[in-house]
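The file start_2.cif contains mmCIF, C-alpha atoms:
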```
data_coords
loop_
_atom_site.group_PDB
_atom_site.id
_atom_site.type_symbol
_atom_site.label_atom_id
_atom_site.label_comp_id
_atom_site.auth_asym_id
_atom_site.auth_seq_id
_atom_site.Cartn_x
_atom_site.Cartn_y
_atom_site.Cartn_z
ATOM 1 C CA MET A 35 7.210 7.073 -2.772
ATOM 2 C CA GLN A 36 7.042 6.749 -6.548
ATOM 3 C CA GLY A 37 5.077 3.522 -6.158
ATOM 4 C CA HIS A 38 2.359 5.424 -4.303
ATOM 5 C CA LEU A 39 2.360 8.523 -6.517
ATOM 6 C CA ALA A 40 -1.067 7.719 -7.957
ATOM 7 C CA GLU A 41 -2.493 7.482 -4.442
ATOM 8 C CA PHE A 42 -1.002 10.864 -3.524
ATOM 9 C CA GLU A 43 -2.488 12.294 -6.724
ATOM 10 C CA ARG A 44 -5.903 10.848 -5.909
ATOM 11 C CA ALA A 45 -5.647 12.321 -2.414
ATOM 12 C CA GLY A 46 -4.940 15.716 -4.003
ATOM 13 C CA VAL A 47 -1.448 15.941 -2.586
ATOM 14 C CA ALA A 48 1.608 17.219 -4.460
ATOM 15 C CA LEU A 49 4.757 15.293 -3.600
ATOM 16 C CA VAL A 50 8.186 16.956 -3.390
ATOM 17 C CA ALA A 51 11.503 15.785 -1.968
ATOM 18 C CA VAL A 52 14.420 17.966 -0.835
ATOM 19 C CA SER A 53 18.047 16.964 -0.309
ATOM 20 C CA TYR A 54 21.456 18.621 -0.604
ATOM 21 C CA ASP A 55 22.324 16.695 -3.760
ATOM 22 C CA SER A 56 23.320 18.442 -6.979
ATOM 23 C CA VAL A 57 20.932 18.516 -9.933
ATOM 24 C CA ALA A 58 23.194 16.004 -11.700
ATOM 25 C CA VAL A 59 23.022 13.512 -8.820
ATOM 26 C CA LEU A 60 19.237 13.892 -8.632
ATOM 27 C CA ARG A 61 18.828 13.522 -12.397
ATOM 28 C CA GLU A 62 20.798 10.288 -12.380
ATOM 29 C CA PHE A 63 18.890 9.036 -9.322
ATOM 30 C CA ALA A 64 15.499 9.894 -10.864
ATOM 31 C CA GLU A 65 16.380 8.202 -14.143
ATOM 32 C CA ARG A 66 17.716 5.083 -12.474
ATOM 33 C CA ARG A 67 14.674 4.701 -10.222
ATOM 34 C CA GLY A 68 12.009 6.070 -12.556
ATOM 35 C CA ILE A 69 11.083 8.968 -10.293
ATOM 36 C CA THR A 70 8.762 11.532 -11.871
ATOM 37 C CA TYR A 71 7.897 13.800 -8.923
ATOM 38 C CA PRO A 72 10.166 16.805 -8.230
ATOM 39 C CA LEU A 73 13.435 16.068 -6.444
ATOM 40 C CA LEU A 74 14.671 19.478 -5.336
ATOM 41 C CA SER A 75 18.370 20.241 -5.156
ATOM 42 C CA ASP A 76 19.438 22.318 -2.150
ATOM 43 C CA GLU A 77 23.121 22.136 -2.938
ATOM 44 C CA GLY A 78 24.943 23.953 -0.129
ATOM 45 C CA SER A 79 21.935 23.327 2.180
ATOM 46 C CA GLN A 80 20.869 27.020 2.224
ATOM 47 C CA THR A 81 17.164 26.198 2.274
ATOM 48 C CA ILE A 82 17.618 23.363 4.781
ATOM 49 C CA ARG A 83 19.453 25.850 7.026
ATOM 50 C CA ALA A 84 16.918 28.651 6.495
ATOM 51 C CA LEU A 85 14.088 26.312 7.486
ATOM 52 C CA GLY A 86 15.945 25.350 10.674
ATOM 53 C CA LEU A 87 16.176 21.723 9.563
ATOM 54 C CA LEU A 88 19.949 21.313 9.399
ATOM 55 C CA ASN A 89 20.823 18.141 11.312
ATOM 56 C CA GLN A 90 22.974 19.540 14.103
ATOM 57 C CA HIS A 91 23.373 16.118 15.662
ATOM 58 C CA ALA A 92 24.782 14.470 12.542
ATOM 59 C CA ASP A 93 28.297 13.868 13.898
ATOM 60 C CA GLU A 94 26.936 12.456 17.141
ATOM 61 C CA GLN A 95 24.502 10.193 15.263
ATOM 62 C CA VAL A 96 27.165 9.027 12.813
ATOM 63 C CA ARG A 97 29.535 8.143 15.674
ATOM 64 C CA PHE A 98 26.714 6.302 17.431
ATOM 65 C CA TYR A 99 26.747 3.892 14.498
ATOM 66 C CA GLY A 100 30.516 3.481 14.765
ATOM 67 C CA VAL A 101 31.153 5.508 11.606
ATOM 68 C CA THR A 102 33.719 8.302 11.349
ATOM 69 C CA PRO A 103 31.982 11.553 10.297
ATOM 70 C CA ARG A 104 32.781 12.542 6.722
ATOM 71 C CA ASP A 105 32.133 15.690 4.696
ATOM 72 C CA GLU A 106 29.046 14.106 3.154
ATOM 73 C CA HIS A 107 27.444 13.932 6.618
ATOM 74 C CA GLN A 108 27.516 17.752 6.829
ATOM 75 C CA GLY A 109 24.539 19.668 5.547
ATOM 76 C CA ILE A 110 21.985 16.892 5.817
ATOM 77 C CA PRO A 111 18.526 17.773 7.131
ATOM 78 C CA TYR A 112 16.759 15.992 9.939
ATOM 79 C CA PRO A 113 14.879 13.283 8.052
ATOM 80 C CA GLY A 114 11.187 13.960 7.992
ATOM 81 C CA ILE A 115 8.110 15.193 6.249
ATOM 82 C CA PHE A 116 5.810 18.203 6.278
ATOM 83 C CA LEU A 117 2.210 18.040 5.152
ATOM 84 C CA ILE A 118 1.211 21.483 3.902
ATOM 85 C CA ASP A 119 -2.477 22.386 3.798
ATOM 86 C CA GLU A 120 -4.320 23.992 0.884
ATOM 87 C CA ASP A 121 -3.779 27.417 2.513
ATOM 88 C CA GLY A 122 -0.004 26.916 2.780
ATOM 89 C CA THR A 123 0.212 26.247 6.506
ATOM 90 C CA VAL A 124 1.870 23.243 8.117
ATOM 91 C CA ALA A 125 -0.823 20.654 8.862
ATOM 92 C CA GLU A 126 1.499 17.968 10.203
ATOM 93 C CA LYS A 127 5.144 17.187 10.572
ATOM 94 C CA GLN A 128 6.899 13.945 11.386
ATOM 95 C CA PHE A 129 10.593 13.512 11.941
ATOM 96 C CA GLU A 130 12.831 10.602 12.671
ATOM 97 C CA GLN A 131 15.308 10.751 15.541
ATOM 98 C CA SER A 132 18.144 9.320 13.466
ATOM 99 C CA TYR A 133 19.422 10.323 10.049
ATOM 100 C CA ARG A 134 19.465 6.648 9.152
ATOM 101 C CA HIS A 135 15.742 6.047 9.457
ATOM 102 C CA ARG A 136 13.336 6.893 6.686
ATOM 103 C CA PRO A 137 9.601 6.411 6.840
ATOM 104 C CA VAL A 138 8.163 4.038 4.262
ATOM 105 C CA SER A 139 5.591 5.683 2.031
ATOM 106 C CA ALA A 140 2.721 3.369 3.002
ATOM 107 C CA LEU A 141 3.188 4.609 6.546
ATOM 108 C CA VAL A 142 3.199 8.203 5.340
ATOM 109 C CA LEU A 143 0.028 7.644 3.333
ATOM 110 C CA ASP A 144 -1.787 6.095 6.220
ATOM 111 C CA GLU A 145 -0.614 8.209 9.145
ATOM 112 C CA VAL A 146 -0.254 11.590 7.530
ATOM 113 C CA LEU A 147 -2.810 11.598 4.763
ATOM 114 C CA GLY A 148 -5.371 9.238 6.231
ATOM 115 C CA VAL A 149 -5.513 7.374 2.929
ATOM 116 C CA ALA A 150 -6.753 3.824 3.338
ATOM 117 C CA GLU A 151 -3.990 1.337 2.835
ATOM 118 C CA PRO A 152 -4.342 -1.372 0.200
ATOM 119 C CA GLU A 153 -5.360 -4.889 1.096
ATOM 120 C CA PRO A 154 -2.468 -6.974 2.377
ATOM 121 C CA ALA A 155 -0.661 -8.878 -0.338
ATOM 122 C CA ALA A 156 0.377 -11.714 1.965
ATOM 123 C CA SER A 157 -0.954 -12.396 5.432
ATOM 124 C CA VAL A 158 -0.972 -15.060 8.097
ATOM 125 C CA ARG A 159 -3.811 -15.934 10.423
ATOM 126 C CA ALA A 160 -4.158 -17.453 13.886
ATOM 127 C CA GLU A 161 -7.233 -18.253 15.937
ATOM 128 C CA ARG A 162 -7.921 -19.235 19.556
ATOM 129 C CA ASP A 163 -10.144 -18.395 22.575
ATOM 130 C CA GLY A 164 -12.717 -16.533 20.482
ATOM 131 C CA LEU A 165 -9.951 -14.406 18.986
ATOM 132 C CA GLN A 166 -8.776 -14.247 15.368
ATOM 133 C CA VAL A 167 -5.649 -12.390 14.295
ATOM 134 C CA VAL A 168 -4.515 -11.614 10.760
ATOM 135 C CA ALA A 169 -0.993 -10.214 10.345
ATOM 136 C CA TRP A 170 0.689 -8.590 7.356
ATOM 137 C CA LEU A 171 3.470 -6.133 6.511
ATOM 138 C CA ASP A 172 3.576 -2.819 4.633
ATOM 139 C CA ALA A 173 5.864 -4.307 2.020
ATOM 140 C CA PRO A 174 7.168 -7.747 1.086
ATOM 141 C CA ALA A 175 10.812 -6.624 1.413
ATOM 142 C CA TYR A 176 12.848 -4.426 3.731
ATOM 143 C CA ARG A 177 15.625 -1.987 3.031
ATOM 144 C CA PRO A 178 18.048 -1.270 5.847
ATOM 145 C CA TYR A 179 16.782 1.619 8.031
ATOM 146 C CA GLN A 180 13.474 1.890 6.239
ATOM 147 C CA LYS A 181 10.561 1.874 8.634
ATOM 148 C CA LEU A 182 7.944 -0.757 7.929
ATOM 149 C CA ARG A 183 4.884 -1.698 9.925
ATOM 150 C CA LEU A 184 3.604 -5.030 11.104
ATOM 151 C CA HIS A 185 -0.196 -4.813 10.984
ATOM 152 C CA LEU A 186 -2.480 -6.988 13.060
ATOM 153 C CA ALA A 187 -6.235 -7.079 12.541
ATOM 154 C CA PHE A 188 -8.085 -8.594 15.488
ATOM 155 C CA GLN A 189 -11.599 -9.979 15.371
ATOM 156 C CA LEU A 190 -13.082 -11.039 18.708
ATOM 157 C CA ASN A 191 -16.244 -13.051 19.218
ATOM 158 C CA PRO A 192 -19.117 -10.810 20.386
ATOM 159 C CA GLU A 193 -18.901 -11.749 24.067
ATOM 160 C CA VAL A 194 -15.103 -11.672 24.295
ATOM 161 C CA HIS A 195 -12.763 -8.839 25.274
ATOM 162 C CA ILE A 196 -9.015 -8.600 25.812
ATOM 163 C CA TYR A 197 -7.192 -6.161 28.074
ATOM 164 C CA ALA A 198 -5.259 -3.043 27.180
ATOM 165 C CA PRO A 199 -2.470 -1.654 29.375
ATOM 166 C CA PRO A 200 -2.351 -0.682 32.158
ATOM 167 C CA THR A 201 -3.945 -3.717 33.774
ATOM 168 C CA PRO A 202 -4.450 -4.489 37.460
ATOM 169 C CA ASP A 203 -2.215 -7.182 38.970
ATOM 170 C CA GLY A 204 -3.051 -10.646 37.775
ATOM 171 C CA TYR A 205 -4.333 -9.599 34.348
ATOM 172 C CA VAL A 206 -2.339 -9.656 31.138
ATOM 173 C CA PRO A 207 -2.650 -6.854 28.556
ATOM 174 C CA LEU A 208 -2.261 -7.146 24.808
ATOM 175 C CA THR A 209 1.385 -7.152 23.754
ATOM 176 C CA VAL A 210 2.880 -7.525 20.287
ATOM 177 C CA GLU A 211 6.519 -8.492 19.932
ATOM 178 C CA ILE A 212 8.842 -9.470 17.144
ATOM 179 C CA ALA A 213 11.393 -12.047 18.274
ATOM 180 C CA PRO A 214 14.899 -10.503 18.428
ATOM 181 C CA LEU A 215 16.781 -10.341 15.141
ATOM 182 C CA GLU A 216 20.127 -8.762 14.489
ATOM 183 C CA GLY A 217 19.595 -5.119 13.531
ATOM 184 C CA LEU A 218 15.931 -5.047 14.555
ATOM 185 C CA SER A 219 14.593 -1.711 15.895
ATOM 186 C CA VAL A 220 11.007 -1.555 17.118
ATOM 187 C CA TRP A 221 8.871 1.528 17.855
ATOM 188 C CA PRO A 222 5.902 1.699 20.247
ATOM 189 C CA LEU A 223 2.744 -0.151 19.223
ATOM 190 C CA ALA A 224 0.108 2.067 17.631
ATOM 191 C CA ALA A 225 -3.266 0.920 18.954
ATOM 192 C CA PRO A 226 -6.758 2.451 19.143
ATOM 193 C CA GLU A 227 -8.150 3.921 22.368
ATOM 194 C CA PRO A 228 -9.399 1.078 24.518
ATOM 195 C CA ARG A 229 -12.833 1.179 26.156
ATOM 196 C CA PRO A 230 -13.287 1.390 29.959
ATOM 197 C CA PHE A 231 -14.953 -1.760 31.253
ATOM 198 C CA GLN A 232 -16.465 -2.370 34.694
ATOM 199 C CA VAL A 233 -16.785 -5.870 36.115
ATOM 200 C CA ALA A 234 -19.762 -6.372 38.449
ATOM 201 C CA GLY A 235 -18.538 -6.848 42.016
ATOM 202 C CA LEU A 236 -15.033 -5.492 41.365
ATOM 203 C CA ASP A 237 -13.894 -1.936 42.124
ATOM 204 C CA GLU A 238 -11.310 -1.915 39.358
ATOM 205 C CA THR A 239 -11.927 -0.391 35.966
ATOM 206 C CA PHE A 240 -10.345 -2.260 33.110
ATOM 207 C CA LEU A 241 -9.429 -1.006 29.663
ATOM 208 C CA VAL A 242 -10.476 -3.440 26.975
ATOM 209 C CA TYR A 243 -10.573 -4.066 23.253
ATOM 210 C CA GLU A 244 -13.629 -5.707 21.731
ATOM 211 C CA ASN A 245 -15.058 -6.678 18.342
ATOM 212 C CA GLY A 246 -12.727 -5.727 15.479
ATOM 213 C CA PHE A 247 -9.685 -3.453 15.762
ATOM 214 C CA ARG A 248 -6.248 -3.004 14.236
ATOM 215 C CA VAL A 249 -2.856 -2.276 15.689
ATOM 216 C CA ALA A 250 0.461 -1.545 13.983
ATOM 217 C CA LEU A 251 4.023 -2.071 15.164
ATOM 218 C CA PRO A 252 6.635 0.049 13.333
ATOM 219 C CA PHE A 253 10.026 -1.585 12.958
ATOM 220 C CA SER A 254 13.154 -1.479 10.853
ATOM 221 C CA ILE A 255 15.988 -3.871 10.192
ATOM 222 C CA ASP A 256 19.175 -1.856 10.209
ATOM 223 C CA LEU A 257 21.463 -4.055 8.180
ATOM 224 C CA THR A 258 21.467 -6.086 5.002
ATOM 225 C CA ALA A 259 20.868 -9.581 6.247
ATOM 226 C CA GLY A 260 19.129 -11.166 3.285
ATOM 227 C CA PRO A 261 15.664 -12.660 3.684
ATOM 228 C CA VAL A 262 14.488 -12.992 7.285
ATOM 229 C CA SER A 263 11.583 -14.569 9.055
ATOM 230 C CA LEU A 264 9.634 -12.477 11.562
ATOM 231 C CA ASP A 265 8.430 -14.499 14.519
ATOM 232 C CA ILE A 266 5.558 -12.558 16.022
ATOM 233 C CA ARG A 267 4.236 -13.121 19.526
ATOM 234 C CA VAL A 268 0.836 -11.748 20.465
ATOM 235 C CA GLY A 269 0.323 -11.921 24.230
ATOM 236 C CA TYR A 270 -3.205 -11.480 25.541
ATOM 237 C CA GLN A 271 -5.820 -12.601 28.005
ATOM 238 C CA ALA A 272 -9.313 -13.157 26.651
ATOM 239 C CA CYS A 273 -12.327 -12.876 28.948
ATOM 240 C CA THR A 274 -16.079 -12.866 28.754
ATOM 241 C CA ALA A 275 -18.347 -11.096 31.243
ATOM 242 C CA THR A 276 -18.285 -14.205 33.422
ATOM 243 C CA GLU A 277 -14.978 -16.010 32.903
ATOM 244 C CA CYS A 278 -11.407 -15.549 31.772
ATOM 245 C CA PHE A 279 -9.221 -17.853 29.740
ATOM 246 C CA PRO A 280 -5.654 -18.184 31.050
ATOM 247 C CA PRO A 281 -3.190 -15.700 29.542
ATOM 248 C CA ASP A 282 -1.932 -17.004 26.238
ATOM 249 C CA VAL A 283 0.429 -16.256 23.368
ATOM 250 C CA LEU A 284 -0.420 -16.582 19.690
ATOM 251 C CA THR A 285 2.556 -16.965 17.408
ATOM 252 C CA LEU A 286 2.649 -16.070 13.750
ATOM 253 C CA THR A 287 5.497 -16.103 11.264
ATOM 254 C CA LEU A 288 5.893 -13.760 8.313
ATOM 255 C CA PRO A 289 8.672 -13.968 5.723
ATOM 256 C CA LEU A 290 10.398 -10.730 4.748
ATOM 257 C CA GLU A 291 12.598 -10.392 1.693
ATOM 258 C CA SER A 292 15.590 -8.070 1.535
ATOM 259 C CA GLU A 293 16.286 -5.194 -0.872
ATOM 260 C CA ASP A 294 19.669 -3.548 -1.116
ATOM 261 C CA LEU A 295 20.310 -0.005 -0.032
ATOM 262 C CA ILE A 296 20.213 2.603 -2.753
ATOM 263 C CA ARG A 297 23.981 2.577 -2.590
ATOM 264 C CA ASP A 298 25.900 0.046 -0.533
ATOM 265 C CA MET B 131 26.323 1.820 25.652
ATOM 266 C CA SER B 132 25.890 5.230 24.075
ATOM 267 C CA THR B 133 22.483 6.386 22.974
ATOM 268 C CA LEU B 134 21.217 8.584 20.187
ATOM 269 C CA PRO B 135 20.597 12.206 21.208
ATOM 270 C CA ALA B 136 16.910 12.867 21.942
ATOM 271 C CA ILE B 137 15.647 15.646 19.685
ATOM 272 C CA ASP B 138 12.457 17.636 20.314
ATOM 273 C CA PHE B 139 11.109 18.148 16.819
ATOM 274 C CA ASP B 140 8.247 20.375 17.984
ATOM 275 C CA THR B 141 10.831 23.150 18.222
ATOM 276 C CA ILE B 142 12.649 22.363 14.969
ATOM 277 C CA GLY B 143 11.561 23.754 11.613
ATOM 278 C CA PRO B 144 8.248 25.419 10.726
ATOM 279 C CA ALA B 145 5.622 24.756 13.421
ATOM 280 C CA VAL B 146 2.288 23.068 12.864
ATOM 281 C CA GLY B 147 -0.221 25.826 12.051
ATOM 282 C CA ALA B 148 2.458 28.229 10.805
ATOM 283 C CA PRO B 149 2.834 29.152 7.127
ATOM 284 C CA PHE B 150 5.372 26.977 5.338
ATOM 285 C CA PRO B 151 8.004 29.418 3.970
ATOM 286 C CA GLU B 152 8.655 30.059 0.298
ATOM 287 C CA VAL B 153 10.961 27.474 -1.229
ATOM 288 C CA GLN B 154 12.486 27.853 -4.691
ATOM 289 C CA LEU B 155 14.971 25.213 -5.760
ATOM 290 C CA PRO B 156 15.989 23.490 -9.000
ATOM 291 C CA ASP B 157 14.547 20.030 -9.638
ATOM 292 C CA GLN B 158 16.286 17.026 -11.223
ATOM 293 C CA HIS B 159 15.838 18.627 -14.668
ATOM 294 C CA GLY B 160 17.464 21.887 -13.545
ATOM 295 C CA ARG B 161 14.141 23.790 -13.664
ATOM 296 C CA VAL B 162 13.523 26.092 -10.702
ATOM 297 C CA VAL B 163 10.438 24.936 -8.802
ATOM 298 C CA ASP B 164 8.443 27.247 -6.545
ATOM 299 C CA LEU B 165 6.900 24.945 -3.955
ATOM 300 C CA HIS B 166 3.712 26.914 -3.395
ATOM 301 C CA ALA B 167 3.210 27.548 -7.123
ATOM 302 C CA LEU B 168 3.767 23.858 -7.819
ATOM 303 C CA ARG B 169 1.142 22.706 -5.357
ATOM 304 C CA ALA B 170 -1.352 25.212 -6.845
ATOM 305 C CA GLU B 171 -3.666 25.370 -3.796
ATOM 306 C CA ARG B 172 -3.445 21.642 -3.272
ATOM 307 C CA ARG B 173 -1.927 20.025 -0.229
ATOM 308 C CA ALA B 174 1.723 19.031 -0.487
ATOM 309 C CA LEU B 175 3.917 16.481 1.182
ATOM 310 C CA VAL B 176 7.495 17.745 1.443
ATOM 311 C CA VAL B 177 10.045 15.062 2.270
ATOM 312 C CA PHE B 178 13.450 16.062 3.634
ATOM 313 C CA HIS B 179 15.985 13.306 3.277
ATOM 314 C CA ARG B 180 19.698 12.745 3.307
ATOM 315 C CA SER B 181 21.565 12.283 0.061
ATOM 316 C CA ALA B 182 20.187 10.252 -2.832
ATOM 317 C CA SER B 183 23.707 8.915 -3.315
ATOM 318 C CA TRP B 184 24.410 7.297 0.075
#
```
Structure rendered as structure tokens:
Amino acid sequence: MQGHLAEFERAGVALVAVSYDSVAVLREFAERRGITYPLLSDEGSQTIRALGLLNQHADEQVRFYGVTPRDEHQGIPYPGIFLIDEDGTVAEKQFEQSYRHRPVSALVLDEVLGVAEPEPAASVRAERDGLQVVAWLDAPAYRPYQKLRLHLAFQLNPEVHIYAPPTPDGYVPLTVEIAPLEGLSVWPLAAPEPRPFQVAGLDETFLVYENGFRVALPFSIDLTAGPVSLDIRVGYQACTATECFPPDVLTLTLPLESEDLIRD
Amino acid sequence: MSTLPAIDFDTIGPAVGAPFPEVQLPDQHGRVVDLHALRAERRALVVFHRSASW
């Protein structure tokens, strides 16, 4: 979050974090990581409880990961964020299902604040059938359980469209997959609303993407595995008003460095 | 294989459109921060997270 503080400031948004840690723990954490925004100490979790945010599934979630619940697992909030409007009301809230997952701040900026994300630092490109794809990641490195997004920017030639799900039998919709990796969790693809498309002589209505559009695939890697390589498969079928190319798969590869957890 | 419990977050915590309650807590310097005074009529992003130490 600290890395994006200037963007939050420009967007006119105050940033505050709340945890059950003592002031001493937060002071040490802030000094070590150079954090200047307020880290609030809810030692004893009174505020977390009063807000109804106490994670009542903590034991169950901890056991799911094969860990024996410990005292430190008690009193944690459900991990998430509230965006409060100028008038003090809740404009948006987003929570993660598991205490282990934390949203990366670029995702927060983009999804919650609607702040344009910076240009990709490193990207890869593929091109075929009147279709160009550029892929990049929110960050050059992952931390275990931190949500990152794979972004894909598509540019289609003017006469070309590709299909969005659901498709009639015999047609292939756009799919984005990351090849299995140990510890990989993937969330549903975020894609724009497709456009209805009628083909002369056919009763079926298709949903299509045309021109330029972007999609994002949230994912996390839930272990410390060192640097990894993301093999990305983009499945699609490109058509014009008069003909269709066979279904095809574009493959792209993005390197992803590894950062350690805050504490191992 | 076991699965994580499904949690309906619409029903957990302050609802969208509702006033966010008063929050007064000490920050990392030990100074008590009033959330709504701090944001001073600006928007605020409040992040709830598990411990900074694990």
Could you state which residues are captured by the PyMOL selection byres ((chain A) within 6 of (chain B)) in this file, as a ChimeraX atom specification?
/A:47-53,55,57,60-61,72-75,85-87,110,113-120,122-126,297
Shell of 6 Å around region 238-241 of chain A, only C-alpha atoms, local chain residues under 4 positions omitted, as a ChimeraX atom specification:
/A:197-198,228-232
Would you save the residues from that selection as an mmCIF file, in the frame of the given file, using C-alpha atoms?
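Output contents, as saved in selection11.cif:
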```
data_model
loop_
_atom_site.group_PDB
_atom_site.id
_atom_site.type_symbol
_atom_site.label_atom_id
_atom_site.label_comp_id
_atom_site.auth_asym_id
_atom_site.auth_seq_id
_atom_site.Cartn_x
_atom_site.Cartn_y
_atom_site.Cartn_z
ATOM 1 C CA TYR A 197 -7.192 -6.161 28.074
ATOM 2 C CA ALA A 198 -5.259 -3.043 27.180
ATOM 3 C CA PRO A 228 -9.399 1.078 24.518
ATOM 4 C CA ARG A 229 -12.833 1.179 26.156
ATOM 5 C CA PRO A 230 -13.287 1.390 29.959
ATOM 6 C CA PHE A 231 -14.953 -1.760 31.253
ATOM 7 C CA GLN A 232 -16.465 -2.370 34.694
#
```
For Val158 (chain A), list every protein, DNA or RNA residue within 8 Å, evaluated using only C-alpha atoms, and leave out those in the same chain fewer than 6 positions away; present the list as a list in words.
Val168, Ala169, Trp170, Leu286, Thr287 and Leu288 of chain A
Figure out the distance between CA of Pro174 (chain A) and CA of Thr70 (chain A), please, to one decimal in Å.
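Computing it gives 23.3 Å between the two atoms.
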Using all atoms listed in the file, the shortest atom-to-atom distance to Gln80 (chain A) among A:Phe98, A:Tyr54, A:Arg44, A:Phe247 belongs to A:Tyr54
Output check: residues returned by the PyMOL selection byres ((chain A and resi 221) around 8), as an mmCIF file with C-alpha atoms, in the frame of the given file:
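Resulting contents of out.cif:
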```cif
data_model
loop_
_atom_site.group_PDB
_atom_site.id
_atom_site.type_symbol
_atom_site.label_atom_id
_atom_site.label_comp_id
_atom_site.auth_asym_id
_atom_site.auth_seq_id
_atom_site.Cartn_x
_atom_site.Cartn_y
_atom_site.Cartn_z
ATOM 1 C CA SER A 219 14.593 -1.711 15.895
ATOM 2 C CA VAL A 220 11.007 -1.555 17.118
ATOM 3 C CA PRO A 222 5.902 1.699 20.247
ATOM 4 C CA LEU A 223 2.744 -0.151 19.223
ATOM 5 C CA LEU A 251 4.023 -2.071 15.164
ATOM 6 C CA PRO A 252 6.635 0.049 13.333
ATOM 7 C CA PHE A 253 10.026 -1.585 12.958
#
```
Which residues, named as in the file, does the PyMOL selection byres ((chain A and resi 216) around 12) pick out? Answer as a list in words.
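Those residues are Pro178, Ile212, Ala213, Pro214, Leu215, Gly217, Leu218, Ser219, Val220, Ser254, Ile255, Asp256, Leu257, Thr258, Ala259, Gly260, Val262, Ser263 and Leu264 of chain A.
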For the selection just defined, write its residues with C-alpha atoms to a file, as a PDB file, in the frame of the given file.
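out_36.pdb was written with the following content:
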```pdb
ATOM      1  CA  PRO A 178      18.048  -1.270   5.847  1.00  0.00           C
ATOM      2  CA  ILE A 212       8.842  -9.470  17.144  1.00  0.00           C
ATOM      3  CA  ALA A 213      11.393 -12.047  18.274  1.00  0.00           C
ATOM      4  CA  PRO A 214      14.899 -10.503  18.428  1.00  0.00           C
ATOM      5  CA  LEU A 215      16.781 -10.341  15.141  1.00  0.00           C
ATOM      6  CA  GLY A 217      19.595  -5.119  13.531  1.00  0.00           C
ATOM      7  CA  LEU A 218      15.931  -5.047  14.555  1.00  0.00           C
ATOM      8  CA  SER A 219      14.593  -1.711  15.895  1.00  0.00           C
ATOM      9  CA  VAL A 220      11.007  -1.555  17.118  1.00  0.00           C
ATOM     10  CA  SER A 254      13.154  -1.479  10.853  1.00  0.00           C
ATOM     11  CA  ILE A 255      15.988  -3.871  10.192  1.00  0.00           C
ATOM     12  CA  ASP A 256      19.175  -1.856  10.209  1.00  0.00           C
ATOM     13  CA  LEU A 257      21.463  -4.055   8.180  1.00  0.00           C
ATOM     14  CA  THR A 258      21.467  -6.086   5.002  1.00  0.00           C
ATOM     15  CA  ALA A 259      20.868  -9.581   6.247  1.00  0.00           C
ATOM     16  CA  GLY A 260      19.129 -11.166   3.285  1.00  0.00           C
ATOM     17  CA  VAL A 262      14.488 -12.992   7.285  1.00  0.00           C
ATOM     18  CA  SER A 263      11.583 -14.569   9.055  1.00  0.00           C
ATOM     19  CA  LEU A 264       9.634 -12.477  11.562  1.00  0.00           C
TER      20      LEU A 264
END
```
Atomic separation - CA of Thr201 (chain A) relative to CA of Asn245 (chain A), Å
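CA of Thr201 (chain A) lies 19.2 Å from CA of Asn245 (chain A).
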Rank A:Arg159, A:His195, A:His185, A:Arg83 by their smallest atom-to-atom distance to Leu284 (chain A), using all atoms listed in the file, and report the top residue only.
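Nearest candidate to Leu284 (chain A) out of A:Arg159, A:His195, A:His185, A:Arg83: A:Arg159.
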